[in-house]
>>> print(open('start08.csv').read())   # CSV, C-alpha atoms
chain,number,residue,atom,x,y,z
A,1,MET,CA,-16.2,1.4,2.1
A,2,ALA,CA,-16.3,-1.4,-0.4
A,3,LEU,CA,-14.9,-0.7,-3.8
A,4,ASN,CA,-15.6,-2.9,-6.9
A,5,CYS,CA,-13.3,-2.0,-9.8
A,6,GLN,CA,-13.3,-3.6,-13.2
A,7,ARG,CA,-9.7,-3.9,-14.4
A,8,GLY,CA,-8.8,-2.7,-17.9
A,9,VAL,CA,-12.0,-0.7,-18.6
A,10,HIS,CA,-11.3,2.6,-20.3
A,11,SER,CA,-14.0,4.8,-18.8
A,12,ARG,CA,-15.2,7.3,-16.3
A,13,THR,CA,-16.7,5.8,-13.2
A,14,ARG,CA,-20.2,5.7,-11.7
A,15,GLN,CA,-20.7,5.1,-8.0
A,16,SER,CA,-23.6,3.8,-6.0
A,17,CYS,CA,-23.5,3.4,-2.3
A,18,ALA,CA,-25.2,1.2,0.3
A,19,ALA,CA,-24.5,1.0,4.0
A,20,VAL,CA,-23.8,-2.1,6.0
A,21,SER,CA,-24.1,-1.6,9.8
A,22,VAL,CA,-21.2,-2.7,11.9
A,23,ARG,CA,-20.2,-1.9,15.4
A,24,PRO,CA,-19.3,0.8,16.3
A,25,SER,CA,-19.5,2.5,12.9
A,26,ARG,CA,-20.3,1.5,9.3
A,27,ILE,CA,-18.6,0.1,6.2
A,28,ARG,CA,-19.8,1.9,3.1
A,29,THR,CA,-20.1,-0.1,-0.2
A,30,VAL,CA,-19.2,1.5,-3.5
A,31,ARG,CA,-19.3,-0.3,-6.8
A,32,VAL,CA,-17.5,1.1,-9.8
A,33,GLN,CA,-19.1,0.3,-13.1
A,34,ALA,CA,-18.0,0.8,-16.7
A,35,GLY,CA,-19.2,3.8,-18.7
A,36,GLY,CA,-18.5,5.5,-22.0
A,37,LYS,CA,-15.3,7.3,-23.1
A,38,VAL,CA,-14.9,10.9,-22.1
A,39,TYR,CA,-13.0,13.5,-24.1
A,40,ALA,CA,-10.9,15.6,-21.7
A,41,ASP,CA,-8.7,18.7,-21.8
A,42,PRO,CA,-6.4,19.4,-18.9
A,43,VAL,CA,-7.5,22.0,-16.5
A,44,LYS,CA,-4.0,22.9,-15.3
A,45,LYS,CA,-0.5,22.7,-16.7
A,46,GLU,CA,1.1,20.9,-13.7
A,47,CYS,CA,-0.1,18.8,-10.8
A,48,SER,CA,1.9,17.3,-7.9
A,49,ALA,CA,0.7,14.4,-5.8
A,50,PHE,CA,2.1,12.5,-2.8
A,51,ALA,CA,1.2,8.9,-1.8
A,52,PRO,CA,2.1,7.3,1.5
A,53,ALA,CA,4.0,4.2,2.6
A,54,THR,CA,1.9,1.2,3.4
A,55,VAL,CA,2.2,-1.9,5.6
A,56,ALA,CA,0.8,-4.9,3.8
A,57,ASN,CA,-0.2,-8.3,5.1
A,58,LEU,CA,-0.2,-7.2,8.8
A,59,GLY,CA,0.7,-10.8,9.8
A,60,PRO,CA,-2.2,-13.2,9.0
A,61,GLY,CA,-3.7,-10.8,6.3
A,62,PHE,CA,-1.4,-12.0,3.6
A,63,ASP,CA,-2.4,-10.4,0.2
A,64,TRP,CA,-5.8,-9.3,1.7
A,65,MET,CA,-5.0,-6.6,4.3
A,66,GLY,CA,-3.0,-3.4,4.3
A,67,CYS,CA,-2.9,0.1,5.7
A,68,ALA,CA,-1.4,3.4,4.9
A,69,VAL,CA,1.1,5.0,7.4
A,70,GLU,CA,2.4,8.5,7.9
A,71,GLY,CA,6.0,9.5,7.8
A,72,GLY,CA,7.1,8.8,4.2
A,73,GLY,CA,6.1,8.2,0.7
A,74,ASP,CA,6.7,9.2,-3.0
A,75,THR,CA,5.9,12.3,-4.9
A,76,VAL,CA,5.1,12.6,-8.6
A,77,ILE,CA,4.9,15.8,-10.6
A,78,ALA,CA,2.8,15.6,-13.8
A,79,LYS,CA,3.0,18.2,-16.5
A,80,VAL,CA,1.0,18.6,-19.7
A,81,ILE,CA,2.7,17.9,-23.1
A,82,PRO,CA,0.6,19.9,-25.6
A,83,ASP,CA,-0.4,18.2,-28.9
A,84,LYS,CA,0.8,14.8,-27.9
A,85,PRO,CA,-2.5,12.9,-27.1
A,86,GLY,CA,-2.0,10.0,-24.7
A,87,GLN,CA,1.8,10.1,-24.8
A,88,VAL,CA,3.6,9.5,-21.4
A,89,VAL,CA,7.2,10.5,-20.8
A,90,ILE,CA,9.3,10.1,-17.7
A,91,GLU,CA,11.4,13.2,-17.5
A,92,LYS,CA,13.4,12.5,-14.3
A,93,ILE,CA,13.7,10.3,-11.3
A,94,GLU,CA,15.3,11.4,-8.0
A,95,GLY,CA,16.2,9.3,-5.0
A,96,ASP,CA,16.5,5.9,-6.7
A,97,LYS,CA,20.3,6.0,-7.2
A,98,GLY,CA,19.8,5.5,-10.9
A,99,ARG,CA,18.2,2.1,-10.6
A,100,LEU,CA,14.8,2.8,-12.1
A,101,SER,CA,14.1,2.9,-15.9
A,102,LEU,CA,13.0,6.0,-17.6
A,103,ASP,CA,11.0,3.9,-20.1
A,104,PRO,CA,7.3,4.5,-19.2
A,105,ALA,CA,6.4,0.9,-20.2
A,106,LYS,CA,8.9,-0.5,-17.7
A,107,ASN,CA,8.3,1.9,-14.8
A,108,CYS,CA,5.4,1.8,-12.4
A,109,ILE,CA,4.7,5.5,-12.7
A,110,GLY,CA,4.6,5.3,-16.5
A,111,ILE,CA,2.3,2.3,-16.4
A,112,ALA,CA,0.0,3.9,-13.8
A,113,ALA,CA,-0.1,7.2,-15.8
A,114,THR,CA,-0.9,5.5,-19.1
A,115,GLU,CA,-3.8,3.5,-17.5
A,116,THR,CA,-5.1,6.6,-15.8
A,117,LEU,CA,-5.3,8.4,-19.1
A,118,LYS,CA,-7.2,5.5,-20.5
A,119,LEU,CA,-9.7,5.7,-17.6
A,120,ILE,CA,-10.1,9.4,-18.1
A,121,GLY,CA,-11.0,8.8,-21.8
A,122,GLN,CA,-9.9,10.5,-25.0
A,123,VAL,CA,-7.4,13.2,-23.9
A,124,SER,CA,-6.0,16.0,-26.0
A,125,CYS,CA,-2.4,16.0,-24.6
A,126,GLY,CA,0.4,13.9,-23.3
A,127,VAL,CA,2.0,13.9,-19.8
A,128,SER,CA,5.5,14.2,-18.6
A,129,LEU,CA,6.4,12.8,-15.1
A,130,THR,CA,9.0,13.5,-12.5
A,131,LEU,CA,9.3,11.1,-9.6
A,132,HIS,CA,10.8,11.9,-6.2
A,133,LYS,CA,11.4,8.6,-4.4
A,134,GLY,CA,11.0,9.0,-0.7
A,135,LEU,CA,10.8,5.2,0.0
A,136,PRO,CA,13.7,2.8,-0.5
A,137,LEU,CA,13.3,0.1,-3.1
A,138,GLY,CA,12.5,-3.4,-1.8
A,139,SER,CA,11.8,-2.1,1.6
A,140,GLY,CA,8.5,-3.8,2.4
A,141,LEU,CA,6.8,-0.4,2.7
A,142,GLY,CA,5.0,-0.4,-0.6
A,143,SER,CA,7.6,1.6,-2.6
A,144,SER,CA,6.2,0.7,-6.1
A,145,ALA,CA,2.6,1.1,-5.0
A,146,ALA,CA,3.3,4.6,-3.6
A,147,SER,CA,4.9,5.6,-6.9
A,148,ALA,CA,2.0,4.3,-8.8
A,149,ALA,CA,-0.6,5.8,-6.6
A,150,ALA,CA,1.1,9.2,-6.7
A,151,ALA,CA,1.4,9.1,-10.5
A,152,ALA,CA,-2.3,8.1,-11.0
A,153,TRP,CA,-3.5,10.8,-8.6
A,154,ALA,CA,-1.2,13.5,-10.2
A,155,VAL,CA,-2.3,12.7,-13.8
A,156,ASN,CA,-5.9,12.6,-12.7
A,157,GLY,CA,-5.5,16.0,-11.1
A,158,LEU,CA,-4.3,17.5,-14.4
A,159,PHE,CA,-7.8,16.9,-15.8
A,160,GLY,CA,-9.7,18.1,-12.7
A,161,SER,CA,-9.9,14.6,-11.0
A,162,PRO,CA,-12.7,13.1,-13.2
A,163,VAL,CA,-11.9,9.6,-11.8
A,164,SER,CA,-12.4,8.8,-8.1
A,165,LYS,CA,-9.7,7.1,-6.1
A,166,ALA,CA,-11.7,3.9,-6.2
A,167,GLY,CA,-11.6,4.1,-10.0
A,168,LEU,CA,-7.9,4.5,-10.1
A,169,ILE,CA,-7.3,1.2,-8.3
A,170,THR,CA,-7.2,-0.5,-11.6
A,171,ALA,CA,-4.4,1.8,-12.8
A,172,GLY,CA,-2.4,1.0,-9.7
A,173,LEU,CA,-3.0,-2.7,-10.1
A,174,ALA,CA,-1.8,-2.7,-13.7
A,175,SER,CA,1.4,-1.0,-12.5
A,176,GLU,CA,1.9,-3.5,-9.6
A,177,ALA,CA,1.3,-6.5,-11.8
A,178,ALA,CA,4.2,-5.4,-14.0
A,179,VAL,CA,6.6,-4.8,-11.1
A,180,SER,CA,5.7,-7.1,-8.1
A,181,GLY,CA,2.6,-9.1,-8.8
A,182,TYR,CA,-1.2,-8.6,-9.1
A,183,HIS,CA,-2.1,-7.6,-5.5
A,184,ALA,CA,-3.9,-4.6,-4.1
A,185,ASP,CA,-2.9,-4.6,-0.4
A,186,ASN,CA,-0.3,-1.8,-1.0
A,187,VAL,CA,-1.8,0.3,-3.8
A,188,GLY,CA,-5.3,0.2,-2.3
A,189,PRO,CA,-4.4,1.8,1.0
A,190,SER,CA,-1.8,4.1,-0.6
A,191,LEU,CA,-4.6,5.6,-2.7
A,192,LEU,CA,-7.4,5.4,-0.2
A,193,GLY,CA,-5.7,5.7,3.1
A,194,GLY,CA,-6.5,3.9,6.4
A,195,PHE,CA,-7.1,0.1,6.7
A,196,VAL,CA,-8.1,-1.7,3.5
A,197,LEU,CA,-9.3,-5.3,3.2
A,198,ILE,CA,-9.0,-6.9,-0.3
A,199,ARG,CA,-12.1,-9.0,-0.6
A,200,SER,CA,-11.5,-10.0,-4.2
A,201,CYS,CA,-8.5,-9.5,-6.6
A,202,THR,CA,-8.2,-11.8,-9.6
A,203,PRO,CA,-6.9,-10.7,-13.0
A,204,GLY,CA,-9.7,-10.1,-15.4
A,205,LYS,CA,-12.4,-10.0,-12.8
A,206,PRO,CA,-13.9,-7.1,-10.7
A,207,VAL,CA,-11.7,-6.1,-7.7
A,208,GLU,CA,-13.5,-5.5,-4.4
A,209,LEU,CA,-11.9,-3.6,-1.5
A,210,LEU,CA,-13.4,-2.8,1.9
A,211,GLN,CA,-12.2,0.4,3.5
A,212,LEU,CA,-12.4,-0.4,7.2
A,213,PRO,CA,-13.3,2.4,9.7
A,214,PHE,CA,-10.9,3.0,12.5
A,215,SER,CA,-11.3,5.6,15.3
A,216,ASN,CA,-8.7,5.0,18.0
A,217,ASP,CA,-6.1,7.8,18.1
A,218,ASN,CA,-3.7,5.7,20.2
A,219,LEU,CA,-2.5,3.3,17.5
A,220,TRP,CA,1.2,3.7,16.7
A,221,PHE,CA,3.4,1.8,14.3
A,222,VAL,CA,7.1,1.2,14.9
A,223,LEU,CA,8.8,0.8,11.6
A,224,VAL,CA,12.4,-0.3,11.4
A,225,ASN,CA,14.0,-0.7,8.0
A,226,PRO,CA,17.4,-2.4,8.0
A,227,VAL,CA,20.0,-2.0,5.3
A,228,PHE,CA,19.0,-5.1,3.4
A,229,GLU,CA,16.8,-5.6,0.3
A,230,ALA,CA,14.0,-8.1,0.0
A,231,PRO,CA,12.5,-7.9,-3.5
A,232,THR,CA,8.9,-8.8,-3.5
A,233,ALA,CA,9.1,-11.3,-6.4
A,234,GLU,CA,11.9,-13.2,-4.7
A,235,MET,CA,10.1,-13.2,-1.3
A,236,ARG,CA,6.9,-14.6,-3.0
A,237,ALA,CA,8.9,-17.3,-4.7
A,238,VAL,CA,9.6,-19.0,-1.3
A,239,LEU,CA,6.0,-19.3,-0.2
A,240,PRO,CA,4.5,-22.7,0.3
A,241,LYS,CA,2.0,-24.0,-2.3
A,242,GLN,CA,0.1,-26.0,0.4
A,243,VAL,CA,-0.3,-25.5,4.1
A,244,PRO,CA,-1.5,-27.7,6.9
A,245,MET,CA,-5.2,-27.5,7.9
A,246,LYS,CA,-4.2,-26.4,11.5
A,247,SER,CA,-2.1,-23.5,10.1
A,248,MET,CA,-5.0,-22.4,7.9
A,249,ILE,CA,-7.4,-22.4,10.8
A,250,ASN,CA,-5.0,-20.4,12.9
A,251,ASN,CA,-4.5,-17.7,10.3
A,252,CYS,CA,-8.2,-17.5,9.6
A,253,CYS,CA,-8.9,-17.0,13.3
A,254,GLN,CA,-6.1,-14.5,13.7
A,255,GLY,CA,-7.2,-12.7,10.5
A,256,GLY,CA,-10.7,-12.3,11.8
A,257,SER,CA,-9.3,-11.1,15.1
A,258,LEU,CA,-7.2,-8.5,13.2
A,259,VAL,CA,-10.3,-7.2,11.5
A,260,ALA,CA,-12.3,-7.2,14.7
A,261,GLY,CA,-9.4,-5.2,16.3
A,262,VAL,CA,-9.6,-2.6,13.6
A,263,LEU,CA,-13.4,-2.2,13.7
A,264,THR,CA,-13.5,-1.9,17.5
A,265,GLY,CA,-10.4,0.2,17.8
A,266,ASP,CA,-8.7,-2.3,20.0
A,267,VAL,CA,-4.9,-1.6,19.6
A,268,LYS,CA,-3.9,-4.6,21.7
A,269,LEU,CA,-6.0,-7.0,19.7
A,270,ILE,CA,-4.5,-5.6,16.5
A,271,GLY,CA,-1.0,-6.1,17.8
A,272,GLN,CA,-1.6,-9.6,19.1
A,273,SER,CA,-3.3,-10.7,15.9
A,274,LEU,CA,-0.6,-9.2,13.7
A,275,ASP,CA,1.9,-11.2,15.7
A,276,SER,CA,0.2,-14.6,15.1
A,277,ASP,CA,0.9,-15.6,11.5
A,278,VAL,CA,2.1,-19.2,11.2
A,279,ILE,CA,2.2,-19.5,7.4
A,280,ILE,CA,4.1,-16.6,5.8
A,281,GLU,CA,6.3,-15.2,8.5
A,282,PRO,CA,8.0,-18.5,9.4
A,283,VAL,CA,9.1,-18.9,5.8
A,284,ARG,CA,10.1,-15.3,5.1
A,285,GLY,CA,11.5,-14.4,8.5
A,286,PRO,CA,14.7,-16.5,8.4
A,287,LEU,CA,15.6,-14.9,5.0
A,288,ILE,CA,15.9,-11.5,6.7
A,289,PRO,CA,18.9,-11.6,9.0
A,290,GLY,CA,17.9,-11.1,12.7
A,291,MET,CA,14.2,-10.7,11.9
A,292,MET,CA,12.9,-13.3,14.4
A,293,ALA,CA,15.1,-11.8,17.2
A,294,VAL,CA,13.8,-8.3,16.3
A,295,LYS,CA,10.2,-9.6,16.7
A,296,GLU,CA,11.0,-10.9,20.2
A,297,ALA,CA,12.9,-7.8,21.2
A,298,ALA,CA,10.0,-5.6,20.2
A,299,LYS,CA,7.6,-7.5,22.4
A,300,ALA,CA,10.0,-7.6,25.3
A,301,ALA,CA,10.2,-3.8,25.1
A,302,GLY,CA,6.5,-3.4,25.3
A,303,ALA,CA,5.0,-3.9,21.8
A,304,TYR,CA,1.7,-5.8,21.6
A,305,GLY,CA,3.0,-7.6,18.6
A,306,ALA,CA,5.5,-7.5,15.7
A,307,THR,CA,5.9,-8.9,12.2
A,308,ILE,CA,7.3,-8.4,8.8
A,309,SER,CA,6.0,-5.4,6.8
A,310,GLY,CA,5.0,-6.6,3.4
A,311,ALA,CA,7.7,-8.8,1.9
A,312,GLY,CA,10.3,-7.2,4.2
A,313,PRO,CA,12.9,-6.4,5.3
A,314,THR,CA,11.1,-3.7,7.3
A,315,ALA,CA,9.8,-4.9,10.7
A,316,VAL,CA,6.6,-3.4,12.1
A,317,ALA,CA,5.5,-3.4,15.7
A,318,ILE,CA,2.3,-2.1,17.3
A,319,VAL,CA,2.2,0.1,20.4
A,320,ASP,CA,-0.4,2.4,22.0
A,321,ASN,CA,1.8,5.5,22.8
A,322,PRO,CA,4.9,7.1,21.3
A,323,GLU,CA,6.9,6.7,24.5
A,324,THR,CA,6.6,3.0,24.4
A,325,GLY,CA,7.2,3.2,20.7
A,326,ALA,CA,10.6,4.9,21.2
A,327,ARG,CA,11.7,2.1,23.6
A,328,VAL,CA,10.5,-0.6,21.1
A,329,MET,CA,12.2,1.1,18.2
A,330,GLU,CA,15.6,1.2,20.1
A,331,ALA,CA,15.3,-2.5,21.0
A,332,MET,CA,14.4,-3.4,17.4
A,333,CYS,CA,17.4,-1.5,16.0
A,334,LYS,CA,19.8,-3.2,18.5
A,335,ALA,CA,18.4,-6.6,17.6
A,336,PHE,CA,18.9,-6.1,13.9
A,337,LYS,CA,22.5,-5.3,14.6
A,338,SER,CA,23.3,-7.9,17.2
A,339,ALA,CA,21.3,-10.8,15.7
A,340,GLY,CA,21.4,-10.0,12.0
A,341,ASN,CA,24.6,-7.8,11.8
A,342,LEU,CA,22.4,-5.3,9.9
A,343,ASP,CA,22.7,-1.5,10.2
A,344,VAL,CA,19.4,0.4,10.2
A,345,ASN,CA,18.4,2.6,7.2
A,346,SER,CA,15.5,4.3,9.0
A,347,ALA,CA,13.5,3.9,12.2
A,348,LYS,CA,10.2,5.7,12.9
A,349,VAL,CA,7.2,5.7,15.2
A,350,VAL,CA,4.3,6.8,13.1
A,351,LYS,CA,0.5,6.9,13.0
A,352,LEU,CA,-2.1,5.6,10.5
A,353,ASP,CA,-2.5,7.8,7.4
A,354,PRO,CA,-6.3,8.1,6.9
A,355,VAL,CA,-6.1,10.1,3.7
A,356,GLY,CA,-3.9,8.2,1.2
A,357,ALA,CA,-2.9,10.0,-2.0
A,358,LYS,CA,-3.1,13.8,-1.9
A,359,PHE,CA,-2.2,16.8,-3.9
A,360,VAL,CA,0.9,18.7,-2.7
>>> encode(input="start08.csv", output="structure tokens")
Amino acid sequence: MALNCQRGVHSRTRQSCAAVSVRPSRIRTVRVQAGGKVYADPVKKECSAFAPATVANLGPGFDWMGCAVEGGGDTVIAKVIPDKPGQVVIEKIEGDKGRLSLDPAKNCIGIAATETLKLIGQVSCGVSLTLHKGLPLGSGLGSSAASAAAAAWAVNGLFGSPVSKAGLITAGLASEAAVSGYHADNVGPSLLGGFVLIRSCTPGKPVELLQLPFSNDNLWFVLVNPVFEAPTAEMRAVLPKQVPMKSMINNCCQGGSLVAGVLTGDVKLIGQSLDSDVIIEPVRGPLIPGMMAVKEAAKAAGAYGATISGAGPTAVAIVDNPETGARVMEAMCKAFKSAGNLDVNSAKVVKLDPVGAKFV
């Protein structure tokens, strides 16, 4: 499904669909256009939403590929504030150890909620928010994107969901831009679920995302998050401004193979392609103690491939069954300790989340 979203437009959304044949299924195209403002009253007093963790980049897909995964995420509870049109208040945050601001202009849930209200139109009330952090900060699992997606979906739900998930991408992007940079490879899949390819994402221009169909039930992600923080902004600062032609060709080839693996349901090809980045991983990997040893340990234990999830420090490996996943997970945990002297915060073997943000 391709989604074209105009950032900063305060409107409801219109959708038109066209089908593009692929093998073995189809990619649906949806373009979101601007419309007029809509006056809206809430249809309920309270609405809770959950948005899942995401694995961005997937090796060679830096800034243009990501997917949602099961097993963790953030939850936002939105409540109506009567007679306070458009006002957004953050009432409480749990699970952040007091690190996140309660100022809605400085917190991703406040920004996402404010942008969502603008998309809905002229509203008759304000919104208070409570955030339950299920994802660690700076983990490489799309922590800020999950918060933003959950906030957007919860606030939208208060008004009967007048804006589609596609339409809410701009709200999530505004939030991400303030926190970690203007990129949709986390917030896109956290809202939509599944694999999402970012075809176009430039500030001030329409954003286009392709939601890729995937049908193999034997894809498993091994996610190992060490006790180490890798802030996205800092990890982006070390990236090269120019790359050799040979490296560019390799990553284009492997990125194409990654997409082919998704569309054909080829788990082995997904893993091998994910493992083949020669531009981003070689720069970021050494900044995460033990990461390169973890990558090799994962493959030695049976993974098809491994890389850094997002900006890190979480490592992700691809397997085709949970039994192999358990062995790979154990090997990765041991490697983080032996090679990087890092304890492990969490280790999971999980599946693709095809749903994305949902009401809870």
>>> atom_distance(input="start08.csv", atom1="atom CA of A:Lys92", atom2="atom CA of A:Asn156")
19.4 Å
>>> residues_near_point(input="start08.csv", point="(-6.1, -9.9, 15.8)", cutoff="6 Å", atoms="only C-alpha atoms", output="JSON, numbers by chain")
{"A": [254, 257, 258, 261, 269, 270, 272, 273, 274]}
>>> residues_around(input="start08.csv", residues="A:Val155", least_positions_apart="3", cutoff="8 Å", atoms="only C-alpha atoms", output="PyMOL selection string")
chain A and resi 47+78+113+116-117+127+151-152+158-159
>>> atom_distance(input="start08.csv", atom1="atom CA of A:Tyr304", atom2="atom CA of A:Asp320")
8.5 Å
>>> closest_atom_pairs(input="start08.csv", of="stretch 110-164 of chain A", to="stretch 333-345 of chain A", cutoff="12 Å", atoms="all atoms listed in the file", output="Markdown table")
| residue | atom | partner | partner_atom | distance |
| --- | --- | --- | --- | --- |
| A:Leu135 | CA | A:Asn345 | CA | 10.8 |
| A:Pro136 | CA | A:Asn345 | CA | 9.0 |
| A:Leu137 | CA | A:Asn345 | CA | 11.8 |
| A:Ser139 | CA | A:Asn345 | CA | 9.8 |
>>> write_last_selection(input="start08.csv", atoms="C-alpha atoms", output="PDB file, in the frame of the given file")
ATOM      1  CA  LEU A 135      10.800   5.200   0.000  1.00  0.00           C
ATOM      2  CA  PRO A 136      13.700   2.800  -0.500  1.00  0.00           C
ATOM      3  CA  LEU A 137      13.300   0.100  -3.100  1.00  0.00           C
ATOM      4  CA  SER A 139      11.800  -2.100   1.600  1.00  0.00           C
TER       5      SER A 139
END
>>> closest_residue(input="start08.csv", among="A:Cys253, A:Asp217, A:Phe359, A:Arg284", to="A:Asn321", atoms="only C-alpha atoms")
A:Asp217
>>> closest_atom_pairs(input="start08.csv", of="stretch 232-328 of chain A", to="stretch 58-64 of chain A", cutoff="10 Å", atoms="all atoms listed in the file", output="JSON lines")
{"residue": "A:Met248", "atom": "CA", "partner": "A:Pro60", "partner_atom": "CA", "distance": 9.7}
{"residue": "A:Asn250", "atom": "CA", "partner": "A:Pro60", "partner_atom": "CA", "distance": 8.7}
{"residue": "A:Asn251", "atom": "CA", "partner": "A:Pro60", "partner_atom": "CA", "distance": 5.2}
{"residue": "A:Cys252", "atom": "CA", "partner": "A:Pro60", "partner_atom": "CA", "distance": 7.4}
{"residue": "A:Cys253", "atom": "CA", "partner": "A:Pro60", "partner_atom": "CA", "distance": 8.8}
{"residue": "A:Gln254", "atom": "CA", "partner": "A:Pro60", "partner_atom": "CA", "distance": 6.2}
{"residue": "A:Gly255", "atom": "CA", "partner": "A:Pro60", "partner_atom": "CA", "distance": 5.2}
{"residue": "A:Gly256", "atom": "CA", "partner": "A:Pro60", "partner_atom": "CA", "distance": 9.0}
{"residue": "A:Ser257", "atom": "CA", "partner": "A:Pro60", "partner_atom": "CA", "distance": 9.6}
{"residue": "A:Leu258", "atom": "CA", "partner": "A:Pro60", "partner_atom": "CA", "distance": 8.0}
{"residue": "A:Val259", "atom": "CA", "partner": "A:Gly61", "partner_atom": "CA", "distance": 9.1}
{"residue": "A:Ile270", "atom": "CA", "partner": "A:Leu58", "partner_atom": "CA", "distance": 9.0}
{"residue": "A:Gly271", "atom": "CA", "partner": "A:Leu58", "partner_atom": "CA", "distance": 9.1}
{"residue": "A:Gln272", "atom": "CA", "partner": "A:Gly59", "partner_atom": "CA", "distance": 9.7}
{"residue": "A:Ser273", "atom": "CA", "partner": "A:Gly59", "partner_atom": "CA", "distance": 7.3}
{"residue": "A:Leu274", "atom": "CA", "partner": "A:Gly59", "partner_atom": "CA", "distance": 4.4}
{"residue": "A:Asp275", "atom": "CA", "partner": "A:Gly59", "partner_atom": "CA", "distance": 6.0}
{"residue": "A:Ser276", "atom": "CA", "partner": "A:Gly59", "partner_atom": "CA", "distance": 6.5}
{"residue": "A:Asp277", "atom": "CA", "partner": "A:Pro60", "partner_atom": "CA", "distance": 4.6}
{"residue": "A:Val278", "atom": "CA", "partner": "A:Pro60", "partner_atom": "CA", "distance": 7.7}
{"residue": "A:Ile279", "atom": "CA", "partner": "A:Pro60", "partner_atom": "CA", "distance": 7.8}
{"residue": "A:Ile280", "atom": "CA", "partner": "A:Phe62", "partner_atom": "CA", "distance": 7.5}
{"residue": "A:Glu281", "atom": "CA", "partner": "A:Gly59", "partner_atom": "CA", "distance": 7.2}
{"residue": "A:Gly305", "atom": "CA", "partner": "A:Gly59", "partner_atom": "CA", "distance": 9.6}
{"residue": "A:Ala306", "atom": "CA", "partner": "A:Gly59", "partner_atom": "CA", "distance": 8.3}
{"residue": "A:Thr307", "atom": "CA", "partner": "A:Gly59", "partner_atom": "CA", "distance": 6.0}
{"residue": "A:Ile308", "atom": "CA", "partner": "A:Gly59", "partner_atom": "CA", "distance": 7.1}
{"residue": "A:Ser309", "atom": "CA", "partner": "A:Leu58", "partner_atom": "CA", "distance": 6.8}
{"residue": "A:Gly310", "atom": "CA", "partner": "A:Leu58", "partner_atom": "CA", "distance": 7.5}
{"residue": "A:Ala311", "atom": "CA", "partner": "A:Phe62", "partner_atom": "CA", "distance": 9.8}
{"residue": "A:Val316", "atom": "CA", "partner": "A:Leu58", "partner_atom": "CA", "distance": 8.5}
{"residue": "A:Ala317", "atom": "CA", "partner": "A:Leu58", "partner_atom": "CA", "distance": 9.7}
>>> write_last_selection(input="start08.csv", atoms="C-alpha atoms", output="compact mmCIF listing (two decimals), in the coordinates of the input")
# COMPACT_ATOMS: atom_id res chain seq x y z
CA MET A 248 -5.00 -22.40 7.90
CA ASN A 250 -5.00 -20.40 12.90
CA ASN A 251 -4.50 -17.70 10.30
CA CYS A 252 -8.20 -17.50 9.60
CA CYS A 253 -8.90 -17.00 13.30
CA GLN A 254 -6.10 -14.50 13.70
CA GLY A 255 -7.20 -12.70 10.50
CA GLY A 256 -10.70 -12.30 11.80
CA SER A 257 -9.30 -11.10 15.10
CA LEU A 258 -7.20 -8.50 13.20
CA VAL A 259 -10.30 -7.20 11.50
CA ILE A 270 -4.50 -5.60 16.50
CA GLY A 271 -1.00 -6.10 17.80
CA GLN A 272 -1.60 -9.60 19.10
CA SER A 273 -3.30 -10.70 15.90
CA LEU A 274 -0.60 -9.20 13.70
CA ASP A 275 1.90 -11.20 15.70
CA SER A 276 0.20 -14.60 15.10
CA ASP A 277 0.90 -15.60 11.50
CA VAL A 278 2.10 -19.20 11.20
CA ILE A 279 2.20 -19.50 7.40
CA ILE A 280 4.10 -16.60 5.80
CA GLU A 281 6.30 -15.20 8.50
CA GLY A 305 3.00 -7.60 18.60
CA ALA A 306 5.50 -7.50 15.70
CA THR A 307 5.90 -8.90 12.20
CA ILE A 308 7.30 -8.40 8.80
CA SER A 309 6.00 -5.40 6.80
CA GLY A 310 5.00 -6.60 3.40
CA ALA A 311 7.70 -8.80 1.90
CA VAL A 316 6.60 -3.40 12.10
CA ALA A 317 5.50 -3.40 15.70
>>> atom_distance(input="start08.csv", atom1="atom CA of A:Leu173", atom2="atom CA of A:Ala112")
8.1 Å
>>> closest_residue(input="start08.csv", among="A:Met291, A:Val222, A:Leu352, A:Ala154", to="A:Ile77", atoms="all atoms listed in the file")
A:Ala154
>>> residues_around(input="start08.csv", residues="A:Thr114", least_positions_apart="3", cutoff="8 Å", atoms="only C-alpha atoms", output="count of residues only")
7
>>> residues_around(input="start08.csv", residues="A:Gly181", least_positions_apart="3", cutoff="12 Å", atoms="all atoms listed in the file", output="PyMOL selection string")
chain A and resi 63+108+144-145+172-178+184-187+201-203+231-237+311
>>> residues_around(input="start08.csv", residues="A:Asp83", least_positions_apart="4", cutoff="9 Å", atoms="all atoms listed in the file", output="list in words")
Ser124, Cys125 and Gly126 of chain A
>>> closest_residue(input="start08.csv", among="A:Ser200, A:Ser128, A:Ser147, A:Gly134", to="A:Lys97", atoms="all atoms listed in the file")
A:Gly134
>>> closest_residue(input="start08.csv", among="A:Gln122, A:Thr54, A:Asn107, A:Ser101", to="A:Ala40", atoms="all atoms listed in the file")
A:Gln122
